[in-house]
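Data file: upload26.csv. Format and content: CSV, C-alpha atoms.
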```
chain,number,residue,atom,x,y,z
A,1029,VAL,CA,0.0,0.0,0.0
A,1030,PRO,CA,1.2,3.6,-0.5
A,1031,LYS,CA,3.1,5.2,2.4
A,1032,PRO,CA,0.5,7.2,4.4
A,1033,ILE,CA,0.7,11.0,4.4
A,1034,PRO,CA,0.1,12.8,7.8
A,1035,GLY,CA,-2.9,15.1,7.7
A,1036,GLU,CA,-3.7,18.2,9.8
A,1037,GLY,CA,-2.3,17.7,13.3
A,1038,GLU,CA,-1.0,14.2,12.5
A,1039,VAL,CA,2.4,12.7,12.9
A,1040,LEU,CA,3.9,9.9,10.7
A,1041,LEU,CA,5.3,7.2,12.9
A,1042,LYS,CA,8.0,4.8,11.5
A,1043,VAL,CA,6.9,1.6,13.2
A,1044,ALA,CA,9.6,-0.6,14.8
A,1045,VAL,CA,7.3,-2.9,16.9
A,1046,SER,CA,3.6,-3.5,17.0
A,1047,ALA,CA,1.5,-5.9,19.1
A,1048,LEU,CA,-1.2,-8.4,18.7
A,1049,ASN,CA,-4.7,-8.0,20.3
A,1050,ARG,CA,-7.8,-10.2,20.3
A,1051,ALA,CA,-9.4,-7.5,18.1
A,1052,ASP,CA,-6.9,-8.4,15.3
A,1053,LEU,CA,-8.0,-12.1,15.4
A,1054,LEU,CA,-11.7,-11.0,15.2
A,1055,GLN,CA,-11.0,-8.6,12.4
A,1056,ARG,CA,-9.1,-11.2,10.5
A,1057,GLN,CA,-12.2,-13.5,10.8
A,1058,GLY,CA,-14.5,-10.7,9.5
A,1059,GLN,CA,-16.2,-10.2,12.9
A,1060,TYR,CA,-14.8,-6.8,14.0
A,1061,HIS,CA,-14.7,-4.0,11.4
A,1062,PRO,CA,-12.4,-0.9,11.9
A,1063,PRO,CA,-14.3,2.3,12.8
A,1064,PRO,CA,-15.2,4.6,9.9
A,1065,GLY,CA,-12.1,6.3,8.5
A,1066,ALA,CA,-9.6,4.0,10.2
A,1067,SER,CA,-7.1,2.0,8.3
A,1068,SER,CA,-8.2,-1.5,7.4
A,1069,ILE,CA,-4.6,-2.8,8.2
A,1070,LEU,CA,-4.5,-4.7,11.6
A,1071,GLY,CA,-2.8,-3.2,14.6
A,1072,LEU,CA,-4.1,-1.1,17.5
A,1073,GLU,CA,-0.8,0.0,18.9
A,1074,ALA,CA,2.8,0.6,17.9
A,1075,SER,CA,6.1,2.0,18.9
A,1076,GLY,CA,8.8,3.6,16.7
A,1077,TYR,CA,10.2,6.9,15.7
A,1078,VAL,CA,8.6,10.2,14.5
A,1079,SER,CA,9.3,10.3,10.8
A,1080,GLU,CA,7.3,13.3,9.6
A,1081,LEU,CA,5.1,16.1,11.1
A,1082,GLY,CA,1.9,17.0,9.3
A,1083,PRO,CA,0.6,20.6,8.9
A,1084,GLY,CA,-0.6,22.3,12.0
A,1085,CYS,CA,1.3,20.1,14.5
A,1086,GLN,CA,1.7,22.2,17.7
A,1087,GLY,CA,3.1,19.6,20.2
A,1088,HIS,CA,6.6,19.0,21.3
A,1089,TRP,CA,7.3,16.2,18.8
A,1090,LYS,CA,10.5,16.3,16.7
A,1091,ILE,CA,11.6,14.1,13.8
A,1092,GLY,CA,13.5,11.1,15.3
A,1093,ASP,CA,11.8,11.1,18.7
A,1094,PRO,CA,10.9,7.6,20.0
A,1095,ALA,CA,7.2,7.3,20.7
A,1096,MET,CA,4.3,4.9,21.2
A,1097,ALA,CA,0.7,5.2,20.0
A,1098,LEU,CA,-2.8,4.1,20.5
A,1099,LEU,CA,-4.4,3.4,17.1
A,1100,PRO,CA,-7.8,2.5,15.7
A,1101,GLY,CA,-5.9,0.3,13.1
A,1102,GLY,CA,-2.9,0.4,10.9
A,1103,GLY,CA,-0.2,-0.4,13.5
A,1104,GLN,CA,1.1,-3.6,11.8
A,1105,ALA,CA,2.8,-1.8,8.9
A,1106,GLN,CA,6.1,0.1,8.5
A,1107,TYR,CA,4.4,3.5,8.8
A,1108,VAL,CA,1.2,4.8,10.4
A,1109,THR,CA,-0.3,8.2,10.9
A,1110,VAL,CA,-1.3,9.3,14.4
A,1111,PRO,CA,-3.1,12.4,15.8
A,1112,GLU,CA,-0.2,14.1,17.7
A,1113,GLU,CA,-2.3,14.0,21.0
A,1114,LEU,CA,-2.5,10.2,20.9
A,1115,LEU,CA,1.3,9.8,20.8
A,1116,MET,CA,3.1,9.1,24.1
A,1117,SER,CA,6.7,9.4,25.1
A,1118,ILE,CA,8.4,6.0,25.8
A,1119,PRO,CA,9.2,5.8,29.6
A,1120,GLU,CA,12.9,6.0,30.4
A,1121,GLY,CA,14.5,2.5,30.6
A,1122,LEU,CA,11.9,0.8,28.5
A,1123,THR,CA,12.7,-0.9,25.1
A,1124,LEU,CA,10.6,-0.4,21.9
A,1125,HIS,CA,9.3,-3.9,22.4
A,1126,GLN,CA,8.1,-3.1,25.9
A,1127,ALA,CA,6.6,0.2,24.7
A,1128,ALA,CA,4.6,-1.5,22.0
A,1129,ALA,CA,3.0,-3.6,24.7
A,1130,ILE,CA,1.6,-0.6,26.6
A,1131,PRO,CA,-0.9,1.6,24.6
A,1132,GLU,CA,-4.0,-0.6,23.9
A,1133,VAL,CA,-4.0,-2.9,27.0
A,1134,TRP,CA,-2.8,-0.4,29.7
A,1135,LEU,CA,-5.2,2.4,28.4
A,1136,THR,CA,-8.0,-0.2,28.4
A,1137,SER,CA,-7.2,-1.3,31.9
A,1138,PHE,CA,-6.9,2.3,33.2
A,1139,GLN,CA,-10.2,3.2,31.5
A,1140,LEU,CA,-12.0,0.1,32.9
A,1141,LEU,CA,-10.8,0.5,36.5
A,1142,HIS,CA,-10.8,4.3,36.9
A,1143,LEU,CA,-13.0,6.0,34.3
A,1144,LEU,CA,-15.8,3.4,34.3
A,1145,GLY,CA,-15.3,1.3,37.4
A,1146,ASN,CA,-14.4,4.2,39.8
A,1147,VAL,CA,-12.1,1.8,41.8
A,1148,GLN,CA,-11.5,2.8,45.4
A,1149,ALA,CA,-8.8,1.8,47.9
A,1150,GLY,CA,-9.8,-1.3,49.9
A,1151,GLU,CA,-12.2,-2.6,47.3
A,1152,THR,CA,-12.0,-6.1,45.8
A,1153,VAL,CA,-11.7,-6.5,42.0
A,1154,LEU,CA,-12.3,-9.7,40.1
A,1155,ILE,CA,-10.3,-9.8,36.9
A,1156,HIS,CA,-11.2,-12.5,34.3
A,1157,ALA,CA,-8.4,-13.8,32.0
A,1158,GLY,CA,-5.9,-12.6,34.6
A,1159,ALA,CA,-2.9,-13.7,32.6
A,1160,SER,CA,-4.0,-12.0,29.4
A,1161,ALA,CA,-2.3,-8.7,28.5
A,1162,VAL,CA,-5.2,-6.6,29.9
A,1163,GLY,CA,-5.3,-8.9,32.9
A,1164,THR,CA,-1.6,-8.4,33.7
A,1165,ALA,CA,-2.0,-4.6,33.4
A,1166,ALA,CA,-5.2,-4.6,35.5
A,1167,ILE,CA,-3.6,-6.5,38.4
A,1168,GLN,CA,-0.8,-3.9,38.7
A,1169,LEU,CA,-3.2,-0.9,38.4
A,1170,THR,CA,-5.6,-2.4,40.9
A,1171,ARG,CA,-2.7,-2.8,43.4
A,1172,MET,CA,-1.6,0.8,42.7
A,1173,ALA,CA,-5.1,2.0,43.4
A,1174,GLY,CA,-4.9,0.3,46.9
A,1175,ALA,CA,-7.5,-2.2,45.9
A,1176,ILE,CA,-7.3,-6.1,46.0
A,1177,PRO,CA,-7.1,-8.0,42.7
A,1178,LEU,CA,-8.5,-11.5,42.4
A,1179,VAL,CA,-8.1,-13.3,39.0
A,1180,THR,CA,-9.4,-16.3,37.0
A,1181,ALA,CA,-7.2,-18.2,34.6
A,1182,GLY,CA,-7.1,-21.6,33.0
A,1183,SER,CA,-3.7,-23.0,34.1
A,1184,GLN,CA,-1.4,-23.1,37.2
A,1185,ASN,CA,1.3,-21.4,35.3
A,1186,LYS,CA,-1.0,-18.4,34.5
A,1187,LEU,CA,-2.2,-18.2,38.1
A,1188,GLN,CA,1.4,-18.2,39.4
A,1189,MET,CA,2.3,-15.3,37.0
A,1190,ALA,CA,-0.8,-13.4,38.1
A,1191,GLU,CA,0.1,-13.8,41.8
A,1192,LYS,CA,3.7,-12.7,41.1
A,1193,LEU,CA,2.3,-9.5,39.6
A,1194,GLY,CA,0.3,-8.9,42.8
A,1195,ALA,CA,-3.0,-10.9,42.6
A,1196,ALA,CA,-4.2,-11.7,46.1
A,1197,ALA,CA,-5.7,-15.0,44.9
A,1198,GLY,CA,-6.2,-16.8,41.7
A,1199,PHE,CA,-8.9,-19.4,40.7
A,1200,ASN,CA,-8.5,-22.0,37.9
A,1201,TYR,CA,-11.9,-21.8,36.2
A,1202,LYS,CA,-11.3,-25.3,34.7
A,1203,GLU,CA,-10.9,-26.9,38.1
A,1204,GLN,CA,-13.1,-24.9,40.5
A,1205,ASP,CA,-16.2,-22.6,40.7
A,1206,PHE,CA,-14.7,-19.1,40.7
A,1207,CYS,CA,-17.9,-17.7,42.2
A,1208,GLU,CA,-17.7,-20.0,45.2
A,1209,ALA,CA,-14.0,-19.3,45.6
A,1210,THR,CA,-14.6,-15.5,45.3
A,1211,LEU,CA,-17.4,-15.5,47.9
A,1212,LYS,CA,-15.2,-17.6,50.3
A,1213,PHE,CA,-12.2,-15.1,49.8
A,1214,THR,CA,-14.5,-12.1,50.5
A,1215,LYS,CA,-16.2,-13.9,53.4
A,1216,GLY,CA,-19.5,-13.8,51.6
A,1217,ALA,CA,-19.5,-10.1,50.7
A,1218,GLY,CA,-18.7,-10.5,47.0
A,1219,VAL,CA,-16.5,-8.3,44.9
A,1220,ASN,CA,-17.0,-4.6,44.3
A,1221,LEU,CA,-15.8,-4.6,40.7
A,1222,ILE,CA,-15.6,-7.2,37.9
A,1223,LEU,CA,-13.6,-6.8,34.7
A,1224,ASP,CA,-15.2,-9.2,32.3
A,1225,CYS,CA,-14.0,-10.1,28.8
A,1226,ILE,CA,-16.0,-13.4,28.8
A,1227,GLY,CA,-19.6,-12.4,28.8
A,1228,GLY,CA,-22.4,-14.9,28.2
A,1229,SER,CA,-21.1,-18.1,29.8
A,1230,TYR,CA,-20.1,-16.2,33.0
A,1231,TRP,CA,-23.1,-14.0,33.6
A,1232,GLU,CA,-24.7,-16.0,36.4
A,1233,LYS,CA,-21.5,-16.6,38.4
A,1234,ASN,CA,-20.6,-12.9,37.9
A,1235,VAL,CA,-23.8,-11.6,39.3
A,1236,ASN,CA,-23.8,-14.1,42.1
A,1237,CYS,CA,-20.4,-13.0,43.4
A,1238,LEU,CA,-21.0,-9.3,42.9
A,1239,ALA,CA,-21.2,-7.3,46.1
A,1240,LEU,CA,-24.1,-4.9,46.9
A,1241,ASP,CA,-23.8,-1.8,44.7
A,1242,GLY,CA,-21.0,-3.6,42.7
A,1243,ARG,CA,-20.0,-2.6,39.2
A,1244,TRP,CA,-19.6,-5.2,36.5
A,1245,ILE,CA,-17.7,-4.0,33.5
A,1246,LEU,CA,-18.1,-6.0,30.3
A,1247,TYR,CA,-15.4,-5.3,27.6
A,1248,GLY,CA,-15.4,-8.6,25.6
A,1249,LEU,CA,-17.6,-11.5,24.6
A,1250,LEU,CA,-15.2,-14.4,24.4
A,1251,GLY,CA,-17.7,-16.7,26.2
A,1252,GLY,CA,-20.6,-15.8,23.9
A,1253,GLU,CA,-23.3,-13.1,23.6
A,1254,ASP,CA,-26.4,-14.9,24.8
A,1255,VAL,CA,-27.9,-14.9,28.3
A,1256,SER,CA,-30.7,-17.1,29.4
A,1257,GLY,CA,-32.1,-16.6,32.9
A,1258,PRO,CA,-33.1,-13.9,35.4
A,1259,LEU,CA,-30.1,-11.6,34.9
A,1260,PHE,CA,-32.1,-8.4,35.5
A,1261,SER,CA,-33.7,-9.5,38.8
A,1262,LYS,CA,-30.4,-10.8,40.2
A,1263,LEU,CA,-28.7,-7.5,39.2
A,1264,PHE,CA,-31.6,-5.5,40.5
A,1265,TYR,CA,-31.5,-7.1,44.0
A,1266,LYS,CA,-27.8,-6.4,44.2
A,1267,ARG,CA,-28.3,-2.8,43.1
A,1268,GLY,CA,-25.6,-3.7,40.7
A,1269,SER,CA,-24.4,-1.8,37.6
A,1270,LEU,CA,-23.6,-3.5,34.3
A,1271,ILE,CA,-21.4,-1.2,32.2
A,1272,THR,CA,-20.1,-2.1,28.7
A,1273,SER,CA,-17.1,-0.6,27.0
A,1274,ARG,CA,-15.2,-0.6,23.7
A,1275,LEU,CA,-12.2,1.6,23.4
A,1276,ARG,CA,-11.5,1.3,19.6
A,1277,ASN,CA,-14.6,3.1,18.4
A,1278,ARG,CA,-14.4,5.9,20.9
A,1279,ASP,CA,-14.1,9.4,19.4
A,1280,LYS,CA,-10.8,11.3,19.1
A,1281,LYS,CA,-11.7,13.7,21.9
A,1282,TYR,CA,-12.3,10.9,24.4
A,1283,LYS,CA,-9.1,9.1,23.4
A,1284,GLN,CA,-7.2,12.4,23.8
A,1285,MET,CA,-8.6,12.8,27.4
A,1286,LEU,CA,-7.7,9.2,28.2
A,1287,VAL,CA,-4.2,9.4,26.9
A,1288,LYS,CA,-3.6,12.7,28.7
A,1289,ALA,CA,-4.9,11.3,32.1
A,1290,PHE,CA,-2.8,8.1,31.6
A,1291,THR,CA,0.3,10.1,30.6
A,1292,GLU,CA,0.0,12.2,33.8
A,1293,GLN,CA,-1.1,9.6,36.3
A,1294,ILE,CA,0.3,6.3,35.2
A,1295,LEU,CA,3.2,6.6,32.7
A,1296,PRO,CA,5.8,7.9,35.2
A,1297,HIS,CA,5.4,4.7,37.2
A,1298,PHE,CA,7.0,2.6,34.4
A,1299,SER,CA,10.3,4.4,35.0
A,1300,LYS,CA,10.3,4.5,38.8
A,1301,GLU,CA,12.1,1.9,40.9
A,1302,GLY,CA,10.3,0.6,43.9
A,1303,PRO,CA,7.1,-1.1,44.9
A,1304,GLN,CA,4.9,1.1,42.7
A,1305,ARG,CA,6.8,0.3,39.5
A,1306,LEU,CA,4.7,-0.9,36.6
A,1307,LEU,CA,5.9,-3.4,34.1
A,1308,PRO,CA,4.5,-4.4,30.7
A,1309,VAL,CA,4.5,-8.2,30.6
A,1310,LEU,CA,5.9,-9.7,27.3
A,1311,ASP,CA,5.3,-13.3,26.4
A,1312,ARG,CA,6.7,-13.7,22.9
A,1313,VAL,CA,8.3,-11.7,20.0
A,1314,TYR,CA,7.5,-12.7,16.4
A,1315,PRO,CA,9.0,-11.2,13.3
A,1316,MET,CA,6.2,-9.9,11.0
A,1317,ALA,CA,6.9,-12.7,8.5
A,1318,GLU,CA,5.6,-15.1,11.2
A,1319,ILE,CA,2.3,-13.3,11.8
A,1320,GLN,CA,0.3,-16.4,11.2
A,1321,ALA,CA,2.1,-18.3,13.9
A,1322,ALA,CA,1.5,-15.4,16.3
A,1323,HIS,CA,-2.3,-15.5,15.5
A,1324,GLU,CA,-2.4,-19.2,16.1
A,1325,TYR,CA,-0.5,-18.9,19.4
A,1326,MET,CA,-3.0,-16.3,20.7
A,1327,GLN,CA,-6.0,-18.3,19.4
A,1328,ALA,CA,-4.8,-21.3,21.5
A,1329,ASN,CA,-4.8,-19.0,24.6
A,1330,ARG,CA,-1.2,-19.9,25.3
A,1331,ASN,CA,0.1,-16.4,25.9
A,1332,VAL,CA,0.8,-14.9,29.4
A,1333,GLY,CA,0.9,-11.2,28.7
A,1334,LYS,CA,1.7,-9.6,25.4
A,1335,ILE,CA,2.6,-10.9,22.0
A,1336,VAL,CA,4.7,-8.3,20.1
A,1337,LEU,CA,5.6,-8.1,16.4
A,1338,GLU,CA,8.8,-6.8,14.9
A,1339,LEU,CA,8.5,-4.8,11.7
A,1340,PRO,CA,11.3,-5.2,9.1
A,1341,GLN,CA,13.6,-2.1,9.3
```

Kindly present the structure from the file in structure tokens form.
Amino acid sequence: VPKPIPGEGEVLLKVAVSALNRADLLQRQGQYHPPPGASSILGLEASGYVSELGPGCQGHWKIGDPAMALLPGGGQAQYVTVPEELLMSIPEGLTLHQAAAIPEVWLTSFQLLHLLGNVQAGETVLIHAGASAVGTAAIQLTRMAGAIPLVTAGSQNKLQMAEKLGAAAGFNYKEQDFCEATLKFTKGAGVNLILDCIGGSYWEKNVNCLALDGRWILYGLLGGEDVSGPLFSKLFYKRGSLITSRLRNRDKKYKQMLVKAFTEQILPHFSKEGPQRLLPVLDRVYPMAEIQAAHEYMQANRNVGKIVLELPQ
């Protein structure tokens, strides 16, 4: 395809590393279309170097600056255009590979916990798919907020990783009822917040282990989209809130606000030594020529943390 040309207020990023997300798998299968006006090329995040500044750029970016970006698409290519407000500086001490693992999942986790979930210190948060990239970010951000992260995952290896990152407890959904285990951990009170990328197949257990006035944030439907049973009455008696979220099709103004808040409140903690230090979790690095193997690896749910993709330089 032709090299993209940056428009008004846009920066051209020469991509060094991109990353794989579930959305890429769904888009490949024809189940998740890019938002209107977005590139049809896969890739929701990238890291690299500023290559050109479009007309009207007023920010601090200079040609050659290393940067990472949240994208509606187009990240898995050698060049991508980005509105300058959606570019972020790479925290000191991080590699381009680590940087490419930050934008989509860490902004998603930050949004779910703070902007939508209004997480408070002392609350308990149940994070499904705790060893996924979003899960590994959410565990660390929950701890940073002074709340208590609990996770579900499908293997001992994944649970161990989650606990290493700060999960207070982990439940193997293949071997035990996570709802019972959660209620036991919370002494019957339930959790204040659920981050749920599963959907349909978990609805009843989710609502049963939700605390009074709990918030249940749905951001994926890996376990199906159908619900059969008294969801509303169960939620009603708990005074629970069910909130749904998709980041990709949010408008530019919302994403700018999200990136600004994240840059100010969270980004500095990737460079700081000490107990509050945040760490992007990388599972595997694939060269772009092996993209098919990368998709198969994610499809098989084998990754713990992020799968990143190296672009040919």

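Between Gln1148 in chain A and the residues A:Tyr1201, A:Lys1212, A:Glu1080, A:Gly1242, the shortest atom-to-atom distance, using all atoms listed in the file, involves A:Gly1242.
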
Quiz item: For Met1096 in chain A, which residue among A:Val1255, A:Val1287, A:Glu1301, A:Phe1213 is the nearest when counting only C-alpha atoms?
Solution: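 For Met1096 in chain A, the nearest of the given residues is A:Val1287.
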
Practice problem: Can you work out the spacing between CA of Gln1139 in chain A and CA of Leu1154 in chain A in Å, to one decimal? | Solution: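 Computing the Euclidean distance for CA of Gln1139 in chain A and CA of Leu1154 in chain A yields 15.6 Å.
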
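A straight line drawn from CA of Pro1062 in chain A to CA of Asp1279 in chain A is 12.9 Å long.
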
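Minimum atom-to-atom distances from A:Leu1124, A:Leu1040, A:Val1153, A:Val1219 to Gly1102 in chain A were compared using all atoms listed in the file, and the lowest value belongs to A:Leu1040.
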
Exercise. Name the closest residue to Pro1030 in chain A among the candidates A:Gly1071, A:Gln1106, A:Ile1294, A:Thr1210; distances are taken between atoms, counting all atoms listed in the file.
Key: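 The shortest atom-to-atom distance to Pro1030 in chain A comes from A:Gln1106.
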
Practice problem: With a distance cut-off of 6 Å and all atoms listed in the file, select the neighbouring residues of Ala1074 in chain A, excluding the residue or stretch itself and same-chain residues fewer than 3 positions from it, and output the selection as a list in words. | Solution: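 Within the cut-off, the hits are Val1045, Ser1046, Met1096, Ala1097, Gly1103 and Ala1128 of chain A.
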
Exercise. Up to 7 Å from (-16.3, -7.3, 36.9) in the file's coordinates: name the residues, counting all atoms listed in the file, as a PyMOL selection string.
Key: chain A and resi 1153-1155+1221-1224+1243-1246

Practice problem: Have a look at CA of Gly1228 in chain A and CA of Ala1181 in chain A and let me know their distance in Å, one decimal. | Solution: 16.8 Å
